[in-house]
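One structure is given below, encoded as structure tokens.
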Amino acid sequence: MSASYLDLDVRPILRDGGEPFSAIMEAVGALAPGQSLRLLATFKPLPLFQVLGARGFQAAAREIGGGDWEVIFTPAGAAAPEPEAAATADDPRGWPRPEVELDNRDLDPPEPMTRTLEGIEGLSPGQTLAALLPREPLFLFNELRARGHSWHGFTEPEGHYRIVIRRGGQAPS
Amino acid sequence: MNGAALSRWTMAYFAAAFGLLIVAEALMACGYGFPAVAVEAPETLVLVHVTAIGWLSLLMCGALFQFVPVLVGQPLRGRRLVLPALLCLLAGLACLLAGFLSLSGVVEIGFPVLGCAAVLLAVGFALVATALARTLWSARRTGLPMPARFVAVGLACLAAAVLLGAVFALTFAGLLPTTDVVGWGLPAHAVAGFGGWLTFTAVGVSYRLLPMFMLAPETERATTRLAWWSGGVALFLAVLAAPAERALSGSDTSLAIAGLLGCVALACYGADLVFFYRRRKRRAIELNSRSAVGAFACLCLTAVLAVAMAVMGEAARHVGALVFLAAYGWLGGLGLSQLYKIVPFLTWLECYGPVMGRKPTPRVQDLVVERRDGPWFILYFAAVLGGAAALLAGRPELFRLAAVAMLTATAAIGLELVLARRLFNVAREKRLPEGTVRPHLFFAAQR
């Protein structure tokens with residue numbers, strides 16, 4: 001297991017004031033089955049523990065000096081149980097991995113809803129998108145239903161909401 | 001969770017409520033009712049019920065049909081009851097006002113119009129309560145969140161207020177034997193209506209809407225639970241125990257305890273409001289959240305004045321001023337300030353929801369012009385405070401002046417809401433992207 005790390009150093013991105021979330025999610029998407037991700041960051045990335053924890057990764061973090069951290073995310077096999085899950089009828093366990101990961105937690109309403117719907121429009125039917133939202137998006141659910149998309153989501157312990165949406169219907173025009 | 005659809009008739013409730021607010025303010029500006037005549041005079045009853053049923057209750061019903069589903073994450077049950085309820089309430093209010101006018105001797109009506117009012121209003125509010133209670137009940141499996149529990153208590157108080165009001169109306173109409181039912185039941189009727197149904201419900205809805213609009217933490221707090229318990233027990237004592245105690249022993253102990261518990265509830269609510277405003281993530285808050293501060297200040301001022309006057313034994317003399325401050329400063333002020341957010345938001349969702357993410361759409365904020373509208377809210381709250389001061393000082397001519405200022409501010413805000421609904425403030429080229437339809441003024445399109 002020790003040899004199968006994929007290394008990702010996001011410290012340059014963070015020092016430039018950038019947002020490394022998409023790079024991390026790209027790396028996670030590129031992991032081979034059973035492969036672990038070794039992440040180097042300038043702080044202990046607690047929110048990421050939750051995001052990847054929900055996708056079945058266990059995190060082991062250690063400080064490596066200079067305030068920097070090394071975190072190893074190891075796939076633990078089955079996905080972690082998701083409390084208070086709300087979902088449409090089809091089984092989300094069979095869905096493909098999200099093509100897009102959005103962090104909409106800090107946007108002013110109703111931007112989280114607008115951005116999420118924009119993200120779905122970029123998908124092909126059957127593809128999925130994951131989004132972190134500041135709260136349970138009751139008005140978004142209605143729009144997703146009207147457009148024929150499926151979704152699965154739950155409130156995370158920190159209070160925000162994680163939703164995975166699978167695009168239904170016809171391909172975007 | 002099932003999500004929340006747009007409530008079809010909420011805008012119709014809001015429009016009717018707003019129209020009746022204008023009527024009430026015009027009556028006050030013309031010097032109709034209190035303070036020109038006594039608090040208990042039929043003319044004052046006209047004014048009080050146009051305000052309490054016409055403006056505040058219709059506003060509350062319209063808001064609850066939209067937001068109770070948001071509070072519990074369940075669709076509204078009994079949607080078909082919503083429009084018949086509005087028609088019953090409007091017809092019932094018309095009968096009630098005609099009955100009061102007949103009591104004042106202005107008109108003579110040959111049939112028991114107050115009896116019709118009792119039946120129509122009871123049926124109307126029963127339809128409202130049935131739809132809302134069924135929606136709350138549908139969420140029992142996951143446990144009702146705190147804001148929804150406030151609404152549940154509010155609905156129970158609505159039932160009590162309507163029941164007592166119906167008994168009064170039937171007694172006035174000569175359809176029930178004449179007793180001193182008004183004497184012992186009137187305080188309970190007023191507390192159940194203003195304190196329970198309107199205030200407790202508004203508090204509950206604000207517990208969800210304020211954090212939603214300001215991005216404040218929504219975790220359940222001990223102060224919120226204490227506000228619900230102490231407020232709920234206070235209402236129980238004031239509405240049920242106090243009239244019984246008064247009738248049996250002539251004392252007012254339970255009313256005094258209810259007053260103390262009510263103060264505890266308000267203090268807890270105040271602490272929660274400070275928490276929401278201080279811990280909000282959205283630093284630059286919108287006009288609805290800024291102007292709501294005026295309403296909270298009026299609630300606080302009403303409570304302080306009520307306690308001070310109760311201690312001095314002056315409460316009965318100034319009850320008119322206190323009710324005015326609570327109805328127009330706290331409840332009306334909160335209603336106007338939140339309408340300023342709710343109407344544009346629902347309009348935006350209805351119009352642009354279907355094309356959102358597919359076409360560029362305006363922001364919700366583009367539907368209103370806050371810089372233009374801020375002064376109207378300042379004028380409104382200044383006029384309410386001036387009106388309350390004029391009542392306390394016994395200066396009816398100044399009260400009428402304040403009512404003119406309130407009417408001006410309200411009419412301006414109402415016009416802005418119509419402009420928002422018609423998308424008037426959105427730049428013409430962005431107003432109606434392909435696939436959108438301009439929303440109707442009085443109801444929402446269903447998808």
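Labels used: A, B, ... for chains in the order of the structure tokens, numbers from 1 for residues in each chain, and numbers from 1 for ligands as shown.
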- Message: Taking only C-alpha atoms into account and nothing else, which residues of chain A lie no more than 10 Å away from chain B? Please answer as a PyMOL selection string.
- Response: chain A and resi 84-88+105-111+113-122+134-147+152-154+158-160+172-173
- Name the residues of stretch 252-286 of chain B that fall into helix (DSSP H, G or I) according to DSSP on the backbone, using the chain letters and numbers of this document, as a count of residues only. 26
- Item | Contacts of stretch 56-65 of chain A at 6 Å (only C-alpha atoms; same-chain gap of 4+ positions) as a list in words | Leu52, Trp69, Glu70, Val71, Ile72, Phe73, Thr74, Pro75, Ala76, Ala79 and Ala80 of chain A
- Task: Quick one: everything within 9 Å of B:Cys300, counting only C-alpha atoms, minus sequence neighbours fewer than 6 positions away in the same chain. Send it as a PyMOL selection string.
- Result: chain B and resi 266-267+270+330
Output the selection as an mmCIF file, in the first residue's frame - N, CA, C and O atoms for each residue.
```cif
data_model
loop_
_atom_site.group_PDB
_atom_site.id
_atom_site.type_symbol
_atom_site.label_atom_id
_atom_site.label_comp_id
_atom_site.auth_asym_id
_atom_site.auth_seq_id
_atom_site.Cartn_x
_atom_site.Cartn_y
_atom_site.Cartn_z
ATOM 1 N N LEU B 266 -39.483 37.038 25.184
ATOM 2 C CA LEU B 266 -38.999 38.137 24.341
ATOM 3 C C LEU B 266 -37.504 38.359 24.539
ATOM 4 O O LEU B 266 -36.777 38.639 23.562
ATOM 5 N N ALA B 267 -37.026 38.231 25.784
ATOM 6 C CA ALA B 267 -35.591 38.407 26.040
ATOM 7 C C ALA B 267 -34.791 37.335 25.291
ATOM 8 O O ALA B 267 -33.748 37.623 24.682
ATOM 9 N N GLY B 270 -34.795 38.145 21.668
ATOM 10 C CA GLY B 270 -33.853 39.242 21.437
ATOM 11 C C GLY B 270 -32.418 38.730 21.388
ATOM 12 O O GLY B 270 -31.636 39.131 20.518
ATOM 13 N N TRP B 330 -44.221 46.707 15.138
ATOM 14 C CA TRP B 330 -43.639 45.362 15.156
ATOM 15 C C TRP B 330 -44.191 44.507 14.025
ATOM 16 O O TRP B 330 -43.465 44.177 13.079
#
```
- For B:Cys116: contacts at 7 Å, only C-alpha atoms, fewer than 4 positions along chain excluded, given as a ChimeraX atom specification: /B:92,95,112,120
Keeping only N, CA, C and O atoms, take the residues you just selected and write them out as a short mmCIF file (atom, residue, chain, number, x, y, z; two decimals), in the first residue's frame.
```cif
data_model
loop_
_atom_site.label_atom_id
_atom_site.label_comp_id
_atom_site.auth_asym_id
_atom_site.auth_seq_id
_atom_site.Cartn_x
_atom_site.Cartn_y
_atom_site.Cartn_z
N GLY B 92 -66.07 37.25 4.87
CA GLY B 92 -66.31 37.31 6.32
C GLY B 92 -65.91 38.66 6.89
O GLY B 92 -66.63 39.24 7.72
N CYS B 95 -68.51 41.24 5.97
CA CYS B 95 -69.69 41.12 6.84
C CYS B 95 -69.40 41.69 8.23
O CYS B 95 -70.25 42.37 8.83
N PRO B 112 -78.90 39.28 10.25
CA PRO B 112 -77.79 39.21 11.22
C PRO B 112 -76.44 39.06 10.53
O PRO B 112 -75.88 37.97 10.43
N LEU B 120 -68.42 32.79 8.21
CA LEU B 120 -67.47 32.89 7.09
C LEU B 120 -66.02 32.96 7.58
O LEU B 120 -65.13 32.30 7.03
#
```
- Message: Could you list, as number ranges by chain, every residue within 8 Å of A:Leu129, counting only C-alpha atoms and ignoring same-chain residues fewer than 4 positions away?
- Response: A: 98-102, 119-120, 123, 164-166
- Item | Length of the atom CA of A:Gly126 to atom CA of A:Gly168 vector [Å] |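 Computing the Euclidean distance for atom CA of A:Gly126 and atom CA of A:Gly168 yields 6.0 Å.
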- Task: Show which residues sit within 12 Å of B:Met146, as a count of residues only. Count only C-alpha atoms, and ignore same-chain residues fewer than 6 positions away.
- Result: 26
- In Å to one decimal, how far is atom CA of B:Leu121 from atom CA of B:Leu101?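 Calculated distance between atom CA of B:Leu101 and atom CA of B:Leu121 is 17.4 Å.
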